[in-house]
Amino acid sequence: MRWISPAALTRRGMLNMNRRNVDYIARYNDRSAYPLVDNKLKTKLVAEEYDVATPALRQVVSQQHQISHFRERVADLNGFAIKPAKGSGGKGILVITRREDDSFIKASGAAVSLRHLERHLSNILAGLYSLGGSPDVAIVEDLIQCSSALTDYSFQGVPDIRIIVFRGYPVMAMLRLATRASDGKANLHQGAIGVGIDIATGRSLNAVQFNRPVKTHPDTGLALEHIHIEDWHTMLVMASRCYEATGLGYMGADLVLDQNSGPTLLELNARPGLAIQMANGKGLLPRLKYIESLKRTHLTPEARVEYAMSIFSHSGNLSAPLQTSYQKPVYA
């Protein structure tokens, strides 16, 4: 086991939790905007206003008596996802991939009954998975059909891409791959793999599981060093648009690559974790400070993305801000 001192981490630009909370979350995130990202239903509605695609909404269950209509609402769906609107960390999300007679098959391959799903909906309404245990709302969405380019890299679950957005600029990204240890969920704390993604190219960098470097997926056996995210520029623009949509200066945007719909937003996070730094092998702090040092920021999501791609290449070194990177830059 190798250890590294706090001083060495600081020299490498690693952002710690206290500094994240005080200097970035508290400073740049107005608490009045939190309900927009802490509630998946509100996130979906505001995202649509800013042309950010989300999974199609099939049903909103807000009261117990509505559960009786659940069966007819999903009668024509082979797969769907049930989510608590105010859940966090993937808790309470139930993914059904197909149906066999009267049984519903989960991503893990386990079969559950209609009664089980109805009980799950009831638990969501009771606040079993919500932040603070407050009463919640359940949403039923279309199932994401993961792009074939990424499906093989993940074990059962749908891989997603976390992009850290600061003042509207995408500053760091990682691909999260489900494993057997994570029970098919793309949650790093439960054992999913985090693969750093180069902002400039959309190509994979380092990979970690349980905070330790890995070269191959433990369940699929595939190497993780040659992954390339399709529609990468589009994903970055979608993440950047969420800045206008929410007003949050520091957040994480979680997207997936759907086989049919392309880049799709799953959710936003006003308190994104810090493991993304380990996946990238670089600290967030230099990039955040770089954006803070800009005298004039770019007005449009497209301009911010082009700028970020030009300066946050994994192989590049940050120096003075490039205030005139383009022939016709747009500034606020």
# chains A, B, ... in the order shown; residues from 1 in each chain; ligands from 1
$ select_by_dssp --residues "range 57-248 of chain A" --states "helix (DSSP H, G or I)" --output "PyMOL selection string"
chain A and resi 64-73+114-125+131-133+148-151+188-190+232-246
$ closest_atom_pairs --of "range 93-195 of chain A" --to "range 305-320 of chain A" --cutoff "9 Å" --atoms "only C-alpha atoms" --output "CSV"
residue,atom,partner,partner_atom,distance
A:Gly168,CA,A:Val305,CA,8.6
A:Tyr169,CA,A:Val305,CA,6.3
A:Pro170,CA,A:Ala308,CA,6.4
A:Val171,CA,A:Ala308,CA,6.7
A:Met172,CA,A:Phe312,CA,8.1
$ write_last_selection --atoms "all heavy atoms" --output "PDB file, in the first residue's frame"
ATOM      1  N   GLY A 168     -20.238  27.362 -15.867  1.00  0.00           N
ATOM      2  CA  GLY A 168     -20.665  27.054 -17.222  1.00  0.00           C
ATOM      3  C   GLY A 168     -19.624  26.359 -18.075  1.00  0.00           C
ATOM      4  O   GLY A 168     -19.909  25.968 -19.210  1.00  0.00           O
ATOM      5  N   TYR A 169     -18.401  26.181 -17.570  1.00  0.00           N
ATOM      6  CA  TYR A 169     -17.327  25.531 -18.316  1.00  0.00           C
ATOM      7  C   TYR A 169     -17.160  24.082 -17.854  1.00  0.00           C
ATOM      8  O   TYR A 169     -17.019  23.833 -16.652  1.00  0.00           O
ATOM      9  CB  TYR A 169     -15.998  26.253 -18.099  1.00  0.00           C
ATOM     10  CG  TYR A 169     -15.940  27.653 -18.647  1.00  0.00           C
ATOM     11  CD1 TYR A 169     -16.426  28.734 -17.909  1.00  0.00           C
ATOM     12  CD2 TYR A 169     -15.385  27.918 -19.900  1.00  0.00           C
ATOM     13  CE1 TYR A 169     -16.374  30.039 -18.392  1.00  0.00           C
ATOM     14  CE2 TYR A 169     -15.317  29.217 -20.401  1.00  0.00           C
ATOM     15  CZ  TYR A 169     -15.819  30.267 -19.642  1.00  0.00           C
ATOM     16  OH  TYR A 169     -15.766  31.559 -20.135  1.00  0.00           O
ATOM     17  N   PRO A 170     -17.143  23.124 -18.774  1.00  0.00           N
ATOM     18  CA  PRO A 170     -16.832  21.743 -18.374  1.00  0.00           C
ATOM     19  C   PRO A 170     -15.338  21.647 -18.049  1.00  0.00           C
ATOM     20  O   PRO A 170     -14.495  21.961 -18.899  1.00  0.00           O
ATOM     21  CB  PRO A 170     -17.183  20.931 -19.627  1.00  0.00           C
ATOM     22  CG  PRO A 170     -17.077  21.898 -20.764  1.00  0.00           C
ATOM     23  CD  PRO A 170     -17.437  23.248 -20.213  1.00  0.00           C
ATOM     24  N   VAL A 171     -15.017  21.256 -16.817  1.00  0.00           N
ATOM     25  CA  VAL A 171     -13.619  21.284 -16.387  1.00  0.00           C
ATOM     26  C   VAL A 171     -13.006  19.903 -16.173  1.00  0.00           C
ATOM     27  O   VAL A 171     -11.786  19.754 -16.204  1.00  0.00           O
ATOM     28  CB  VAL A 171     -13.441  22.131 -15.111  1.00  0.00           C
ATOM     29  CG1 VAL A 171     -13.754  23.589 -15.379  1.00  0.00           C
ATOM     30  CG2 VAL A 171     -14.305  21.595 -13.976  1.00  0.00           C
ATOM     31  N   MET A 172     -13.834  18.887 -15.936  1.00  0.00           N
ATOM     32  CA  MET A 172     -13.306  17.540 -15.736  1.00  0.00           C
ATOM     33  C   MET A 172     -14.434  16.543 -15.956  1.00  0.00           C
ATOM     34  O   MET A 172     -15.606  16.848 -15.707  1.00  0.00           O
ATOM     35  CB  MET A 172     -12.703  17.382 -14.346  1.00  0.00           C
ATOM     36  CG  MET A 172     -11.847  16.132 -14.155  1.00  0.00           C
ATOM     37  SD  MET A 172     -10.882  16.162 -12.607  1.00  0.00           S
ATOM     38  CE  MET A 172      -9.516  17.239 -13.105  1.00  0.00           C
TER      39      MET A 172
END
$ residues_around --residues "Ala26 in chain A" --least-positions-apart "2" --cutoff "12 Å" --atoms "only C-alpha atoms" --output "short mmCIF file (atom, residue, chain, number, x, y, z; two decimals) with N, CA and C atoms, in the first residue's frame"
data_model
loop_
_atom_site.label_atom_id
_atom_site.label_comp_id
_atom_site.auth_asym_id
_atom_site.auth_seq_id
_atom_site.Cartn_x
_atom_site.Cartn_y
_atom_site.Cartn_z
N MET A 17 -12.53 18.14 0.41
CA MET A 17 -13.96 18.33 0.64
C MET A 17 -14.26 19.67 1.31
N ASN A 18 -13.46 20.06 2.31
CA ASN A 18 -13.72 21.32 2.99
C ASN A 18 -13.62 22.50 2.03
N ARG A 19 -12.59 22.49 1.21
CA ARG A 19 -12.41 23.59 0.26
C ARG A 19 -13.51 23.59 -0.80
N ARG A 20 -13.89 22.38 -1.24
CA ARG A 20 -15.00 22.29 -2.19
C ARG A 20 -16.27 22.89 -1.60
N ASN A 21 -16.56 22.53 -0.34
CA ASN A 21 -17.80 23.00 0.29
C ASN A 21 -17.81 24.51 0.50
N VAL A 22 -16.67 25.06 0.93
CA VAL A 22 -16.62 26.48 1.29
C VAL A 22 -16.36 27.38 0.08
N ASP A 23 -15.33 27.05 -0.69
CA ASP A 23 -14.89 27.95 -1.76
C ASP A 23 -15.68 27.81 -3.05
N TYR A 24 -16.36 26.67 -3.22
CA TYR A 24 -17.04 26.48 -4.51
C TYR A 24 -18.54 26.22 -4.36
N TYR A 28 -20.59 29.57 -5.00
CA TYR A 28 -21.12 29.67 -6.35
C TYR A 28 -22.52 29.07 -6.53
N ASN A 29 -23.02 28.36 -5.52
CA ASN A 29 -24.34 27.73 -5.65
C ASN A 29 -25.35 28.39 -4.73
N ASP A 30 -26.26 29.14 -5.31
CA ASP A 30 -27.33 29.77 -4.54
C ASP A 30 -28.29 28.68 -4.07
N ARG A 31 -28.56 28.66 -2.78
CA ARG A 31 -29.39 27.59 -2.23
C ARG A 31 -30.80 27.59 -2.81
N SER A 32 -31.24 28.72 -3.33
CA SER A 32 -32.58 28.76 -3.92
C SER A 32 -32.68 27.89 -5.17
N TYR A 34 -31.16 24.87 -5.40
CA TYR A 34 -30.99 23.47 -5.05
C TYR A 34 -32.20 22.60 -5.39
N LEU A 248 -26.57 27.31 -11.20
CA LEU A 248 -25.56 26.77 -10.29
C LEU A 248 -24.17 26.92 -10.89
N GLY A 249 -23.26 27.50 -10.12
CA GLY A 249 -21.91 27.73 -10.62
C GLY A 249 -21.00 26.52 -10.54
N TYR A 250 -21.32 25.59 -9.63
CA TYR A 250 -20.48 24.41 -9.46
C TYR A 250 -21.39 23.19 -9.34
N MET A 251 -21.31 22.28 -10.30
CA MET A 251 -22.22 21.13 -10.27
C MET A 251 -21.66 19.98 -11.10
N ALA A 270 -25.63 19.14 -7.18
CA ALA A 270 -25.06 20.39 -6.68
C ALA A 270 -23.88 20.15 -5.75
N ARG A 271 -23.62 18.89 -5.41
CA ARG A 271 -22.52 18.55 -4.50
C ARG A 271 -21.73 17.37 -5.06
#
$ closest_residue --among "A:Pro272, A:Gly133, A:Gly262, A:Gly281" --to "Val165 in chain A" --atoms "only C-alpha atoms"
A:Pro272
$ residues_around --residues "Arg73 in chain A" --least-positions-apart "4" --cutoff "12 Å" --atoms "only C-alpha atoms" --output "PyMOL selection string"
chain A and resi 57-61+66-69+77-78+80+139-142
$ write_last_selection --atoms "C-alpha atoms" --output "JSON list (two decimals), in the first residue's frame"
[["chain", "number", "residue", "atom", "x", "y", "z"],
["A", 57, "LEU", "CA", -41.45, 10.47, -18.83],
["A", 58, "ARG", "CA", -44.17, 7.81, -18.62],
["A", 59, "GLN", "CA", -45.80, 8.41, -15.26],
["A", 60, "VAL", "CA", -45.56, 10.55, -12.14],
["A", 61, "VAL", "CA", -46.82, 8.89, -8.97],
["A", 66, "GLN", "CA", -52.19, 6.48, -8.32],
["A", 67, "ILE", "CA", -50.22, 3.28, -7.79],
["A", 68, "SER", "CA", -53.27, 1.29, -8.90],
["A", 69, "HIS", "CA", -52.84, 2.76, -12.40],
["A", 77, "LEU", "CA", -43.27, -1.08, -22.08],
["A", 78, "ASN", "CA", -40.75, -3.91, -22.15],
["A", 80, "PHE", "CA", -38.52, 1.16, -17.77],
["A", 139, "ILE", "CA", -41.24, 8.96, -11.66],
["A", 140, "VAL", "CA", -41.40, 6.25, -14.30],
["A", 141, "GLU", "CA", -39.17, 6.81, -17.33],
["A", 142, "ASP", "CA", -38.28, 5.02, -20.54]]
$ closest_residue --among "A:Arg162, A:Lys185, A:Arg203, A:Lys289" --to "Gly273 in chain A" --atoms "only C-alpha atoms"
A:Arg162
$ residues_around --residues "Glu49 in chain A" --least-positions-apart "3" --cutoff "12 Å" --atoms "only C-alpha atoms" --output "PyMOL selection string"
chain A and resi 42-46+52-54+241-242+244-246
$ residues_around --residues "Leu224 in chain A" --least-positions-apart "3" --cutoff "12 Å" --atoms "only C-alpha atoms" --output "MDAnalysis selection string"
chainID A and resid 150 152:154 175:177 193:197 203:209 213:218 220:221 227:228 279
